[in-house]
Amino acid sequence: MADDFLGRIGRLIRDARRHRGWTQLQLADALATSQSAVNRIERGNQNISLEMISRIGEALDSEIVSLGYAGPMHLRVVGGRRLSGSIEVKTSKNACVALLCASLLNAGRTTLRKVARIEEVYRILEVLASIGVRARWINDGADLEIVPPARLELESMDDEAARRTRSVIMFLGPLMHLADRFTIPYAGGCDLGTRTVQPHMSALKHFGLELAATGGVYHARVDRRAPARAIVLTERGDTVTENALMAAARHDGVTVIRNASSNYMVQDLCFFLEELGVRVEGVGTTTLTVHGVPVIDRDVDYSPSEDPVEAMSLLAAAVVTSSELTICRVPVEFLEIELAVLEEMGLDHDRGVEYRAANGRTRLVDLTVRPSKLVSPIDKIHPMPFPGLNIDNVPFFAAIAAAASGSTLIHDWVYDNRAIYLTELTRLGAGVKLLDPHRVLVEGPTRWRSAEMMCPPALRPAVVVLLAMMAAEGTSVLRNVYVINRGYEDLAERLNALGARIETFRDI
């Protein structure tokens, strides 16, 4: 077979496997072959017979040969429709990927409940499978069971999957307990401009990690030692804090981490570590005291909490489409600033009685949003570390501001490029003026219009564009929406259940 044909077949098999929610190792088990063989097939690096294609099709319940080449996924949106009904917020993407990385700390079985079935999770699962970790979906695909091997095969790491997610940087904390030397590829994920790993290096050097970056790979060398004093993080980042927590978790002693993030995914990780027997004091504050244990070997069962950024996405969907919508299981403590700003803008909404998430800790409410006449806020919209306005919620205020009367200044000071992507809303009729790479001025209200456009390469701006298309009369097309699937599970189908009209399709 020609190399191009093998590549097409491999990509189609990969897409069918991901659609089923299987790892490469699970497909290998079904075919009685090795994970490395499946990896070569999906990369187009191995000849494959029609008999094998047929066997793969049967295993994945997908007619591989008749389907042809699966290209990028696109969305066709018929806008101008109001939403109605209720929708539940799914578990946090950022918490789930952190917990998958943290499962490497545990020699026992880890069961995570209601894990988000998204591309970011699939990439981490592929990396875990490639180094020998056995992960399988259980309970009709609702939950995930993770069992580590006696020894990780770090030399077999799936570099392609690792490069497609920034979350792989969180392997540093757990792996430094398990190997003296190892490598991981440069992290990928959203295109958000330059993001350095220096804060990670500054935090983990206190435990004896040395990191050198050459040839697209981080080379790690570990000379384990106890931190001589409290660790002060050079930036209050979520993944930096998580890496420091995982490094401290199996340090046989007490570690103090200052200037720590207290954001939702960090709190979920702390709760999970407590299930592993690691005591963490100061959860929800910027100073964490970790009482580590050198050996962790226990069967644990944990439920990640709901995603506040998805909740904000759904709230924004209701606002821009002038809809009445009830959003259930909203982690309100991580949206209180956003709701306070929206109240000042004139949002009409009700909050139900608070109750606890399945983890027993996170506060939830059911939130009903109604059509509102919004006005621009007096102050600029800008993010701050928790308990401030969430960094990932800033882009949604661009769509909300476009639906409000007046001028709104949005200052996304964290990322180099993300504010630029918000100017894509101009193609849908919005008045968005770029002041500099970090600031945009939004003029509203907007008379949305349909358009065909490429999906921005950053997750939250991509969803903002989709929401604007839902508000625009006529038919819009959003091309190559992989980035949305990185962070949202079945978003189009779930919005369709509320009255949206979104069709997925591929180029043939």
# chains A, B, ... in the order shown; residues from 1 in each chain; ligands from 1
>>> closest_atom_pairs(of="region 150-240 of chain A", to="region 260-276 of chain A", cutoff="6 Å", atoms="only C-alpha atoms", output="CSV")
residue,atom,partner,partner_atom,distance
A:Arg236,CA,A:Ser261,CA,5.1
A:Gly237,CA,A:Ser261,CA,5.8
A:Asp238,CA,A:Ser261,CA,5.5
>>> residues_around(residues="Ile257 (chain A)", least_positions_apart="4", cutoff="7 Å", atoms="only C-alpha atoms", output="list in words")
Ala230, Ile231, Val232, Thr287, Leu288 and Thr289 of chain A
>>> write_last_selection(atoms="N, CA, C and O atoms", output="PDB file, in the first residue's frame")
ATOM      1  N   ALA A 230      10.469  26.680  52.938  1.00  0.00           N
ATOM      2  CA  ALA A 230       9.190  26.782  52.227  1.00  0.00           C
ATOM      3  C   ALA A 230       9.434  27.136  50.762  1.00  0.00           C
ATOM      4  O   ALA A 230      10.333  27.911  50.432  1.00  0.00           O
ATOM      5  N   ILE A 231       8.641  26.520  49.885  1.00  0.00           N
ATOM      6  CA  ILE A 231       8.740  26.778  48.444  1.00  0.00           C
ATOM      7  C   ILE A 231       7.832  27.955  48.104  1.00  0.00           C
ATOM      8  O   ILE A 231       6.632  27.919  48.401  1.00  0.00           O
ATOM      9  N   VAL A 232       8.402  28.977  47.507  1.00  0.00           N
ATOM     10  CA  VAL A 232       7.612  30.127  47.064  1.00  0.00           C
ATOM     11  C   VAL A 232       7.516  30.073  45.548  1.00  0.00           C
ATOM     12  O   VAL A 232       8.543  30.170  44.848  1.00  0.00           O
ATOM     13  N   THR A 287      -1.419  29.287  50.806  1.00  0.00           N
ATOM     14  CA  THR A 287      -0.348  28.561  51.500  1.00  0.00           C
ATOM     15  C   THR A 287      -0.808  27.143  51.784  1.00  0.00           C
ATOM     16  O   THR A 287      -1.795  26.936  52.514  1.00  0.00           O
ATOM     17  N   LEU A 288      -0.138  26.184  51.192  1.00  0.00           N
ATOM     18  CA  LEU A 288      -0.482  24.780  51.361  1.00  0.00           C
ATOM     19  C   LEU A 288       0.629  24.084  52.141  1.00  0.00           C
ATOM     20  O   LEU A 288       1.813  24.252  51.819  1.00  0.00           O
ATOM     21  N   THR A 289       0.237  23.317  53.135  1.00  0.00           N
ATOM     22  CA  THR A 289       1.189  22.522  53.906  1.00  0.00           C
ATOM     23  C   THR A 289       0.894  21.056  53.641  1.00  0.00           C
ATOM     24  O   THR A 289      -0.205  20.569  53.942  1.00  0.00           O
TER      25      THR A 289
END
>>> residues_around(residues="region 86-103 of chain A", least_positions_apart="4", cutoff="8 Å", atoms="only C-alpha atoms", output="ChimeraX atom specification")
/A:110,114-116,118,120-121,124-125,146,167-168,170-171,174,242,246,264-266,268-269,272,304-308,310-311,325-330,487-488,494,498
>>> select_by_dssp(residues="region 413-463 of chain A", states="helix (DSSP H, G or I)", output="PyMOL selection string")
chain A and resi 418-428+459-463
>>> atom_distance(atom1="CA of Ala401 (chain A)", atom2="CA of Glu489 (chain A)")
26.0 Å
>>> atom_distance(atom1="CA of Leu83 (chain A)", atom2="CA of Ala316 (chain A)")
11.7 Å
>>> residues_around(residues="Asp223 (chain A)", least_positions_apart="4", cutoff="8 Å", atoms="only C-alpha atoms", output="ChimeraX atom specification")
/A:180,207-209
>>> write_last_selection(atoms="N, CA, C and O atoms", output="CSV table (one decimal), in the first residue's frame")
chain,number,residue,atom,x,y,z
A,180,ASP,N,14.9,8.1,38.0
A,180,ASP,CA,16.0,9.1,38.2
A,180,ASP,C,16.3,9.9,37.0
A,180,ASP,O,16.8,11.0,37.1
A,207,PHE,N,13.1,19.8,45.1
A,207,PHE,CA,13.0,18.4,45.4
A,207,PHE,C,14.1,17.6,44.7
A,207,PHE,O,14.1,16.4,44.7
A,208,GLY,N,15.0,18.4,43.9
A,208,GLY,CA,16.1,17.7,43.3
A,208,GLY,C,15.9,17.5,41.8
A,208,GLY,O,16.7,16.7,41.2
A,209,LEU,N,14.9,18.1,41.1
A,209,LEU,CA,14.7,17.9,39.7
A,209,LEU,C,15.5,18.9,38.9
A,209,LEU,O,15.5,20.1,39.2
>>> closest_residue(among="A:Ala249, A:Asp297, A:Val217, A:Ala399", to="Arg109 (chain A)", atoms="only C-alpha atoms")
A:Asp297
>>> atom_distance(atom1="CA of Leu75 (chain A)", atom2="CA of Glu42 (chain A)")
25.1 Å
>>> residues_around(residues="Val432 (chain A)", least_positions_apart="4", cutoff="12 Å", atoms="only C-alpha atoms", output="list in words")
Phe397, Ala398, Ala399, Ala401, Ala402, Ala403, Ser407, Thr408, Leu409, Ile410, Ala419, Ile420, Tyr421, Leu422, Thr423, Glu424, Leu425, Thr426, Arg427, Leu428, Arg439, Val440, Leu441, Val442, Glu443, Gly444, Pro445 and Thr446 of chain A
>>> write_last_selection(atoms="C-alpha atoms", output="PDB file, in the first residue's frame")
ATOM      1  CA  PHE A 397     -17.420  38.221  28.421  1.00  0.00           C
ATOM      2  CA  ALA A 398     -16.584  39.276  24.853  1.00  0.00           C
ATOM      3  CA  ALA A 399     -19.751  37.614  23.566  1.00  0.00           C
ATOM      4  CA  ALA A 401     -20.423  42.406  26.133  1.00  0.00           C
ATOM      5  CA  ALA A 402     -21.347  42.275  22.442  1.00  0.00           C
ATOM      6  CA  ALA A 403     -24.940  41.583  23.513  1.00  0.00           C
ATOM      7  CA  SER A 407     -18.482  49.848  25.505  1.00  0.00           C
ATOM      8  CA  THR A 408     -16.624  47.146  27.434  1.00  0.00           C
ATOM      9  CA  LEU A 409     -12.858  46.965  27.832  1.00  0.00           C
ATOM     10  CA  ILE A 410     -11.542  43.410  28.162  1.00  0.00           C
ATOM     11  CA  ALA A 419      -7.348  38.563  22.983  1.00  0.00           C
ATOM     12  CA  ILE A 420      -6.452  38.687  19.295  1.00  0.00           C
ATOM     13  CA  TYR A 421      -8.696  35.691  18.605  1.00  0.00           C
ATOM     14  CA  LEU A 422     -11.677  37.568  20.040  1.00  0.00           C
ATOM     15  CA  THR A 423     -11.535  39.920  17.035  1.00  0.00           C
ATOM     16  CA  GLU A 424     -12.885  36.970  15.006  1.00  0.00           C
ATOM     17  CA  LEU A 425     -16.291  38.013  16.364  1.00  0.00           C
ATOM     18  CA  THR A 426     -16.222  40.949  13.934  1.00  0.00           C
ATOM     19  CA  ARG A 427     -16.882  38.495  11.109  1.00  0.00           C
ATOM     20  CA  LEU A 428     -20.161  37.689  12.841  1.00  0.00           C
ATOM     21  CA  ARG A 439      -6.840  44.317  25.216  1.00  0.00           C
ATOM     22  CA  VAL A 440      -9.996  44.582  23.135  1.00  0.00           C
ATOM     23  CA  LEU A 441     -12.822  47.113  23.204  1.00  0.00           C
ATOM     24  CA  VAL A 442     -16.277  45.617  22.578  1.00  0.00           C
ATOM     25  CA  GLU A 443     -19.182  47.809  21.403  1.00  0.00           C
ATOM     26  CA  GLY A 444     -22.736  46.557  21.753  1.00  0.00           C
ATOM     27  CA  PRO A 445     -25.452  45.653  21.222  1.00  0.00           C
ATOM     28  CA  THR A 446     -24.697  43.493  18.200  1.00  0.00           C
TER      29      THR A 446
END
>>> residues_around(residues="region 175-178 of chain A", least_positions_apart="2", cutoff="12 Å", atoms="only C-alpha atoms", output="PyMOL selection string")
chain A and resi 101-107+128+131+148-154+168-173+180-184+204-211+219-225+243-244+246-252+292-296
